[in-house]
Amino acid sequence: MEPVFVGGHPAIDFVNTAFSPQGEPVDVIHDGRSFLDWLVRAGLLTESASTRLRRRVSAKRLDAAATAARDMRTWARSWITRWRLDPEADYGAELRRLNTYLHRGASSREVIAENGCLRLAERVRLESVDDVLAIVATRVAALVTGENPSCIKSCAGSNCTLLFLDRTKGRRRLFCSASTCGNRAKVAAFRARQAGP
């Protein structure tokens with residue numbers, strides 16, 4: 001099954017790489033190649049960087065990175081879920097683990113000219129699989145430091161396990177996607193009305 005990008009944030013889209021549409025479990029990251037493919041589709045890695053990494057790192061090590069990514073995903077989902085319900089709790093252990101992931105990556109910063117403006121850019125060096133895991137950890141760090149935890153919601157769709165960031169004005173978004181879960185809910189409500197009391 002294809003990955004879904006309905007989270008509104010790369011960290012949430014990463015957490016959503018394991019989901020259960022209609023109650024059937026799906027894991028988008030099943031090996032190293034699928035992990036790199038997801039990173040490219042998510043816009044976190046270029047196709048050329050992915051190709052270079054595949055040439056440099058053995059398939060066995062990439063598969064180990066995918067296993068580590070699945071472990072990170074389980075941990076991140078648990079933490080994000082708890083954090084959105086209780087943002088004031090002590091998350092010292094989670095911060096230590098996140099910082100461990102962040103320290104694994106190699107990166108540098110440089111100022112670049114882009115469209116007539118100067119901006120600070122971070123350049124990630126892809127020399128090992130740890131660098132790839134650090135890319136995802138950076139997005140998790142951006143989520144917990146830059147977003148309001150009350151904006152993270154679980155889809156209200158029947159059997160849907162996807163999370164999303166609700167940035168709507170009234171914070172009333174209920175579904176991961178209006179065209180899938182939202183439509184299913186409308187159809188179910190229509191059928192219930194047709195069935196009558």
# chains A, B, ... in the order shown; residues from 1 in each chain; ligands from 1
>>> residues_around(residues="segment 164-170 of chain A", least_positions_apart="6", cutoff="10 Å", atoms="only C-alpha atoms", output="PyMOL selection string")
chain A and resi 5-9+11-13+15-16+143+147-155+176-177
>>> write_last_selection(atoms="all heavy atoms", output="short mmCIF file (atom, residue, chain, number, x, y, z; two decimals), in the first residue's frame")
data_model
loop_
_atom_site.label_atom_id
_atom_site.label_comp_id
_atom_site.auth_asym_id
_atom_site.auth_seq_id
_atom_site.Cartn_x
_atom_site.Cartn_y
_atom_site.Cartn_z
N PHE A 5 0.09 10.92 3.23
CA PHE A 5 0.66 12.17 3.71
C PHE A 5 -0.47 13.11 4.06
O PHE A 5 -0.75 14.07 3.35
CB PHE A 5 1.60 12.76 2.65
CG PHE A 5 2.81 11.91 2.39
CD1 PHE A 5 2.84 11.01 1.33
CD2 PHE A 5 3.90 11.96 3.24
CE1 PHE A 5 3.94 10.21 1.11
CE2 PHE A 5 5.01 11.16 3.02
CZ PHE A 5 5.04 10.28 1.95
N VAL A 6 -1.15 12.81 5.16
CA VAL A 6 -2.29 13.61 5.61
C VAL A 6 -2.02 14.25 6.97
O VAL A 6 -2.88 14.93 7.50
CB VAL A 6 -3.58 12.75 5.69
CG1 VAL A 6 -3.99 12.23 4.33
CG2 VAL A 6 -3.41 11.60 6.69
N GLY A 7 -0.83 14.03 7.52
CA GLY A 7 -0.53 14.49 8.87
C GLY A 7 -0.33 15.98 9.02
O GLY A 7 -0.49 16.51 10.11
N GLY A 8 0.05 16.65 7.94
CA GLY A 8 0.29 18.09 8.03
C GLY A 8 1.64 18.44 8.62
O GLY A 8 1.95 19.61 8.81
N HIS A 9 2.46 17.44 8.91
CA HIS A 9 3.79 17.65 9.45
C HIS A 9 4.60 16.38 9.17
O HIS A 9 4.07 15.27 9.33
CB HIS A 9 3.72 17.91 10.96
CG HIS A 9 4.99 18.42 11.54
ND1 HIS A 9 6.06 17.60 11.81
CD2 HIS A 9 5.36 19.66 11.91
CE1 HIS A 9 7.05 18.32 12.32
NE2 HIS A 9 6.64 19.58 12.38
N ALA A 11 6.84 14.78 10.85
CA ALA A 11 6.92 13.85 11.98
C ALA A 11 5.65 13.03 12.11
O ALA A 11 5.69 11.83 12.40
CB ALA A 11 7.21 14.61 13.28
N ILE A 12 4.51 13.66 11.89
CA ILE A 12 3.24 12.93 11.98
C ILE A 12 3.10 12.00 10.78
O ILE A 12 2.63 10.87 10.93
CB ILE A 12 2.06 13.91 12.11
CG1 ILE A 12 2.18 14.67 13.44
CG2 ILE A 12 0.73 13.16 12.05
CD1 ILE A 12 1.14 15.73 13.65
N ASP A 13 3.53 12.43 9.61
CA ASP A 13 3.51 11.54 8.46
C ASP A 13 4.40 10.32 8.70
O ASP A 13 4.08 9.21 8.29
CB ASP A 13 3.93 12.27 7.19
CG ASP A 13 2.86 13.23 6.68
OD1 ASP A 13 1.66 12.97 6.94
OD2 ASP A 13 3.22 14.22 6.04
N VAL A 15 5.05 8.97 11.70
CA VAL A 15 4.29 8.13 12.63
C VAL A 15 3.19 7.37 11.89
O VAL A 15 2.89 6.21 12.18
CB VAL A 15 3.71 8.99 13.78
CG1 VAL A 15 2.67 8.23 14.58
CG2 VAL A 15 4.84 9.47 14.70
N ASN A 16 2.62 8.01 10.88
CA ASN A 16 1.54 7.41 10.10
C ASN A 16 2.02 6.38 9.07
O ASN A 16 1.22 5.90 8.28
CB ASN A 16 0.73 8.50 9.38
CG ASN A 16 -0.16 9.27 10.32
OD1 ASN A 16 -0.48 8.82 11.42
ND2 ASN A 16 -0.57 10.45 9.90
N LEU A 143 8.49 19.14 15.61
CA LEU A 143 7.08 19.02 16.01
C LEU A 143 6.90 19.40 17.47
O LEU A 143 6.06 20.23 17.81
CB LEU A 143 6.58 17.60 15.77
CG LEU A 143 5.14 17.33 16.23
CD1 LEU A 143 4.15 18.00 15.27
CD2 LEU A 143 4.87 15.84 16.31
N GLU A 147 5.09 23.12 17.59
CA GLU A 147 3.65 22.98 17.38
C GLU A 147 2.91 22.90 18.72
O GLU A 147 3.48 22.49 19.72
CB GLU A 147 3.34 21.73 16.56
CG GLU A 147 3.92 21.74 15.16
CD GLU A 147 3.31 22.79 14.24
OE1 GLU A 147 2.21 23.32 14.56
OE2 GLU A 147 3.92 23.08 13.20
N ASN A 148 1.66 23.27 18.69
CA ASN A 148 0.80 23.19 19.86
C ASN A 148 0.29 21.75 19.97
O ASN A 148 -0.34 21.25 19.03
CB ASN A 148 -0.37 24.16 19.69
CG ASN A 148 -1.26 24.22 20.89
OD1 ASN A 148 -1.36 23.28 21.66
ND2 ASN A 148 -1.94 25.34 21.04
N PRO A 149 0.53 21.08 21.08
CA PRO A 149 0.10 19.68 21.19
C PRO A 149 -1.40 19.47 21.07
O PRO A 149 -1.85 18.42 20.63
CB PRO A 149 0.62 19.24 22.56
CG PRO A 149 0.90 20.48 23.31
CD PRO A 149 1.19 21.54 22.30
N SER A 150 -2.18 20.50 21.40
CA SER A 150 -3.63 20.34 21.29
C SER A 150 -4.11 20.30 19.84
O SER A 150 -5.25 19.94 19.57
CB SER A 150 -4.35 21.47 22.04
OG SER A 150 -4.11 22.71 21.41
N CYS A 151 -3.24 20.66 18.91
CA CYS A 151 -3.60 20.63 17.48
C CYS A 151 -3.40 19.24 16.87
O CYS A 151 -3.79 19.01 15.73
CB CYS A 151 -2.78 21.65 16.71
SG CYS A 151 -3.17 23.34 17.17
N ILE A 152 -2.77 18.33 17.60
CA ILE A 152 -2.56 16.98 17.09
C ILE A 152 -3.79 16.16 17.45
O ILE A 152 -4.18 16.09 18.61
CB ILE A 152 -1.29 16.35 17.68
CG1 ILE A 152 -0.07 17.19 17.31
CG2 ILE A 152 -1.13 14.91 17.20
CD1 ILE A 152 1.19 16.80 18.02
N LYS A 153 -4.39 15.55 16.45
CA LYS A 153 -5.63 14.80 16.67
C LYS A 153 -5.54 13.41 16.05
O LYS A 153 -4.78 13.18 15.11
CB LYS A 153 -6.82 15.54 16.07
CG LYS A 153 -7.10 16.87 16.73
CD LYS A 153 -8.33 17.50 16.14
CE LYS A 153 -8.68 18.80 16.84
NZ LYS A 153 -9.87 19.41 16.24
N SER A 154 -6.37 12.53 16.57
CA SER A 154 -6.58 11.21 15.98
C SER A 154 -7.79 11.28 15.08
O SER A 154 -8.79 11.93 15.42
CB SER A 154 -6.84 10.17 17.07
OG SER A 154 -5.71 10.02 17.89
N CYS A 155 -7.73 10.61 13.96
CA CYS A 155 -8.85 10.60 13.04
C CYS A 155 -10.08 9.98 13.72
O CYS A 155 -9.98 8.97 14.41
CB CYS A 155 -8.50 9.82 11.79
SG CYS A 155 -9.82 9.76 10.57
N CYS A 176 -8.81 12.45 9.07
CA CYS A 176 -7.51 12.57 8.41
C CYS A 176 -7.67 13.07 6.99
O CYS A 176 -6.86 13.82 6.49
CB CYS A 176 -6.78 11.23 8.43
SG CYS A 176 -7.61 9.90 7.51
N SER A 177 -8.76 12.66 6.35
CA SER A 177 -9.04 13.07 4.98
C SER A 177 -10.55 13.14 4.79
O SER A 177 -11.27 12.19 5.09
CB SER A 177 -8.44 12.06 4.00
OG SER A 177 -8.91 12.27 2.70
#
>>> select_by_dssp(residues="segment 35-179 of chain A", states="strand (DSSP E or B)", output="list in words")
Ala106, Ser107, Ser108, Arg109, Glu110, Val111, Ile112, Ala113, Glu114, Cys117, Leu118, Arg119, Leu120, Ala121, Glu122, Arg123, Val124, Arg125, Ile152, Lys153, Ser154, Leu163, Phe164 and Leu165 of chain A
>>> closest_residue(among="A:Cys160, A:Arg123, A:Leu98, A:Trp38", to="Glu110 of chain A", atoms="only C-alpha atoms")
A:Arg123
>>> closest_atom_pairs(of="segment 88-115 of chain A", to="segment 125-140 of chain A", cutoff="7 Å", atoms="only C-alpha atoms", output="Markdown table")
| residue | atom | partner | partner_atom | distance |
| --- | --- | --- | --- | --- |
| A:Leu98 | CA | A:Ala137 | CA | 6.5 |
| A:Tyr101 | CA | A:Ala134 | CA | 5.5 |
| A:Leu102 | CA | A:Ala134 | CA | 5.1 |
| A:Arg104 | CA | A:Asp130 | CA | 5.5 |
| A:Gly105 | CA | A:Asp131 | CA | 4.1 |
| A:Ala106 | CA | A:Arg125 | CA | 5.4 |
| A:Ser107 | CA | A:Arg125 | CA | 5.5 |
>>> atom_distance(atom1="atom CA of Val4 of chain A", atom2="atom CA of Thr17 of chain A")
7.3 Å
>>> select_by_dssp(residues="segment 33-118 of chain A", states="helix (DSSP H, G or I)", output="NGL selection string")
:A and (33-41 or 47-56 or 59-85 or 92-104)
>>> closest_residue(among="A:Leu45, A:Ser78, A:Ser58, A:His103", to="Tyr91 of chain A", atoms="only C-alpha atoms")
A:Ser78
>>> residues_around(residues="segment 63-75 of chain A", least_positions_apart="4", cutoff="7 Å", atoms="only C-alpha atoms", output="count of residues only")
11
>>> atom_distance(atom1="atom CA of Asp37 of chain A", atom2="atom CA of Gln22 of chain A")
24.4 Å
>>> closest_residue(among="A:Thr145, A:Arg33, A:Asp86, A:Thr81", to="Arg61 of chain A", atoms="only C-alpha atoms")
A:Arg33
>>> atom_distance(atom1="atom CA of Asn159 of chain A", atom2="atom CA of Val26 of chain A")
12.7 Å
>>> closest_residue(among="A:Leu85, A:Arg56, A:Ala141, A:Glu114", to="Asn99 of chain A", atoms="only C-alpha atoms")
A:Ala141
>>> closest_residue(among="A:Ile112, A:Cys181, A:Ile80, A:Leu39", to="Val144 of chain A", atoms="only C-alpha atoms")
A:Ile80
>>> closest_residue(among="A:Leu36, A:Thr161, A:Ala89, A:Cys117", to="Ala49 of chain A", atoms="only C-alpha atoms")
A:Leu36
>>> decode(residues="segment 28-153 of chain A", atoms="C-alpha atoms", output="mmCIF file, in the first residue's frame")
data_model
loop_
_atom_site.group_PDB
_atom_site.id
_atom_site.type_symbol
_atom_site.label_atom_id
_atom_site.label_comp_id
_atom_site.auth_asym_id
_atom_site.auth_seq_id
_atom_site.Cartn_x
_atom_site.Cartn_y
_atom_site.Cartn_z
ATOM 1 C CA VAL A 28 5.051 1.300 4.776
ATOM 2 C CA ILE A 29 8.584 0.808 6.145
ATOM 3 C CA HIS A 30 9.228 -2.898 5.684
ATOM 4 C CA ASP A 31 12.895 -2.764 4.624
ATOM 5 C CA GLY A 32 15.715 -0.304 4.016
ATOM 6 C CA ARG A 33 14.721 0.467 0.448
ATOM 7 C CA SER A 34 11.120 1.259 1.433
ATOM 8 C CA PHE A 35 12.416 3.494 4.232
ATOM 9 C CA LEU A 36 14.558 5.487 1.789
ATOM 10 C CA ASP A 37 11.674 5.596 -0.697
ATOM 11 C CA TRP A 38 9.405 7.021 2.010
ATOM 12 C CA LEU A 39 12.005 9.668 2.903
ATOM 13 C CA VAL A 40 12.164 10.720 -0.760
ATOM 14 C CA ARG A 41 8.368 10.843 -1.128
ATOM 15 C CA ALA A 42 8.122 12.829 2.121
ATOM 16 C CA GLY A 43 10.590 15.372 0.739
ATOM 17 C CA LEU A 44 13.135 14.683 3.476
ATOM 18 C CA LEU A 45 15.730 13.172 1.138
ATOM 19 C CA THR A 46 16.492 13.755 -2.534
ATOM 20 C CA GLU A 47 16.392 10.914 -5.011
ATOM 21 C CA SER A 48 20.085 11.416 -5.780
ATOM 22 C CA ALA A 49 21.015 11.303 -2.073
ATOM 23 C CA SER A 50 18.989 8.118 -1.691
ATOM 24 C CA THR A 51 20.770 6.531 -4.656
ATOM 25 C CA ARG A 52 24.198 7.525 -3.310
ATOM 26 C CA LEU A 53 23.353 6.075 0.100
ATOM 27 C CA ARG A 54 22.166 2.799 -1.459
ATOM 28 C CA ARG A 55 25.499 2.523 -3.265
ATOM 29 C CA ARG A 56 27.519 3.340 -0.171
ATOM 30 C CA VAL A 57 25.651 1.252 2.425
ATOM 31 C CA SER A 58 24.870 -2.460 2.223
ATOM 32 C CA ALA A 59 21.274 -3.670 1.975
ATOM 33 C CA LYS A 60 21.731 -5.374 5.353
ATOM 34 C CA ARG A 61 22.655 -2.072 7.027
ATOM 35 C CA LEU A 62 19.775 -0.283 5.315
ATOM 36 C CA ASP A 63 17.403 -2.984 6.571
ATOM 37 C CA ALA A 64 18.820 -2.442 10.075
ATOM 38 C CA ALA A 65 18.079 1.277 9.660
ATOM 39 C CA ALA A 66 14.495 0.423 8.727
ATOM 40 C CA THR A 67 14.198 -1.697 11.872
ATOM 41 C CA ALA A 68 15.557 1.210 13.924
ATOM 42 C CA ALA A 69 13.123 3.565 12.149
ATOM 43 C CA ARG A 70 10.179 1.313 13.056
ATOM 44 C CA ASP A 71 11.353 1.323 16.692
ATOM 45 C CA MET A 72 11.670 5.120 16.554
ATOM 46 C CA ARG A 73 8.183 5.354 15.055
ATOM 47 C CA THR A 74 6.628 3.272 17.855
ATOM 48 C CA TRP A 75 8.390 5.397 20.464
ATOM 49 C CA ALA A 76 7.466 8.680 18.712
ATOM 50 C CA ARG A 77 3.786 7.706 18.365
ATOM 51 C CA SER A 78 3.586 6.836 22.054
ATOM 52 C CA TRP A 79 5.308 10.049 23.121
ATOM 53 C CA ILE A 80 3.342 12.320 20.762
ATOM 54 C CA THR A 81 0.075 10.753 21.915
ATOM 55 C CA ARG A 82 0.950 11.284 25.586
ATOM 56 C CA TRP A 83 2.335 14.789 24.911
ATOM 57 C CA ARG A 84 -0.847 15.971 23.181
ATOM 58 C CA LEU A 85 -2.927 14.792 26.156
ATOM 59 C CA ASP A 86 -0.569 16.074 28.865
ATOM 60 C CA PRO A 87 1.927 18.652 27.549
ATOM 61 C CA GLU A 88 3.035 19.633 31.065
ATOM 62 C CA ALA A 89 4.287 16.153 32.084
ATOM 63 C CA ASP A 90 7.960 15.398 32.675
ATOM 64 C CA TYR A 91 9.348 14.021 29.417
ATOM 65 C CA GLY A 92 13.002 13.838 30.469
ATOM 66 C CA ALA A 93 13.467 10.265 29.234
ATOM 67 C CA GLU A 94 11.888 11.089 25.881
ATOM 68 C CA LEU A 95 14.079 14.174 25.456
ATOM 69 C CA ARG A 96 17.207 12.156 26.238
ATOM 70 C CA ARG A 97 16.226 9.555 23.642
ATOM 71 C CA LEU A 98 15.389 12.225 21.043
ATOM 72 C CA ASN A 99 18.699 13.976 21.667
ATOM 73 C CA THR A 100 20.510 10.655 21.236
ATOM 74 C CA TYR A 101 18.925 10.301 17.795
ATOM 75 C CA LEU A 102 19.795 13.906 16.953
ATOM 76 C CA HIS A 103 23.441 13.499 17.980
ATOM 77 C CA ARG A 104 23.862 10.570 15.599
ATOM 78 C CA GLY A 105 23.490 12.737 12.515
ATOM 79 C CA ALA A 106 26.198 14.729 10.778
ATOM 80 C CA SER A 107 25.160 18.153 9.554
ATOM 81 C CA SER A 108 26.458 21.631 8.950
ATOM 82 C CA ARG A 109 24.877 25.011 8.384
ATOM 83 C CA GLU A 110 25.557 27.535 5.653
ATOM 84 C CA VAL A 111 24.038 30.732 4.345
ATOM 85 C CA ILE A 112 22.738 30.429 0.800
ATOM 86 C CA ALA A 113 21.268 32.879 -1.697
ATOM 87 C CA GLU A 114 17.849 31.821 -2.918
ATOM 88 C CA ASN A 115 15.509 33.923 -5.073
ATOM 89 C CA GLY A 116 17.343 37.097 -4.175
ATOM 90 C CA CYS A 117 17.204 36.415 -0.414
ATOM 91 C CA LEU A 118 19.707 35.012 2.024
ATOM 92 C CA ARG A 119 18.695 32.164 4.289
ATOM 93 C CA LEU A 120 20.345 29.794 6.716
ATOM 94 C CA ALA A 121 20.272 26.226 5.453
ATOM 95 C CA GLU A 122 21.183 23.001 7.180
ATOM 96 C CA ARG A 123 23.096 20.494 5.087
ATOM 97 C CA VAL A 124 22.826 16.884 6.195
ATOM 98 C CA ARG A 125 25.778 14.688 5.360
ATOM 99 C CA LEU A 126 24.646 11.205 4.458
ATOM 100 C CA GLU A 127 27.579 9.051 5.404
ATOM 101 C CA SER A 128 25.815 6.412 7.471
ATOM 102 C CA VAL A 129 22.374 5.090 8.311
ATOM 103 C CA ASP A 130 22.490 7.064 11.571
ATOM 104 C CA ASP A 131 22.404 10.225 9.472
ATOM 105 C CA VAL A 132 19.120 9.064 7.927
ATOM 106 C CA LEU A 133 17.575 8.378 11.341
ATOM 107 C CA ALA A 134 18.692 11.827 12.481
ATOM 108 C CA ILE A 135 16.718 13.368 9.593
ATOM 109 C CA VAL A 136 13.520 11.902 11.032
ATOM 110 C CA ALA A 137 14.512 12.785 14.606
ATOM 111 C CA THR A 138 14.974 16.406 13.507
ATOM 112 C CA ARG A 139 11.369 16.476 12.295
ATOM 113 C CA VAL A 140 10.120 14.982 15.572
ATOM 114 C CA ALA A 141 12.116 17.665 17.419
ATOM 115 C CA ALA A 142 10.558 20.356 15.197
ATOM 116 C CA LEU A 143 7.083 19.021 16.007
ATOM 117 C CA VAL A 144 7.484 19.021 19.788
ATOM 118 C CA THR A 145 9.253 22.388 19.881
ATOM 119 C CA GLY A 146 7.216 24.242 17.291
ATOM 120 C CA GLU A 147 3.648 22.981 17.383
ATOM 121 C CA ASN A 148 0.802 23.187 19.858
ATOM 122 C CA PRO A 149 0.104 19.678 21.194
ATOM 123 C CA SER A 150 -3.634 20.343 21.293
ATOM 124 C CA CYS A 151 -3.600 20.625 17.485
ATOM 125 C CA ILE A 152 -2.563 16.979 17.090
ATOM 126 C CA LYS A 153 -5.626 14.796 16.675
#
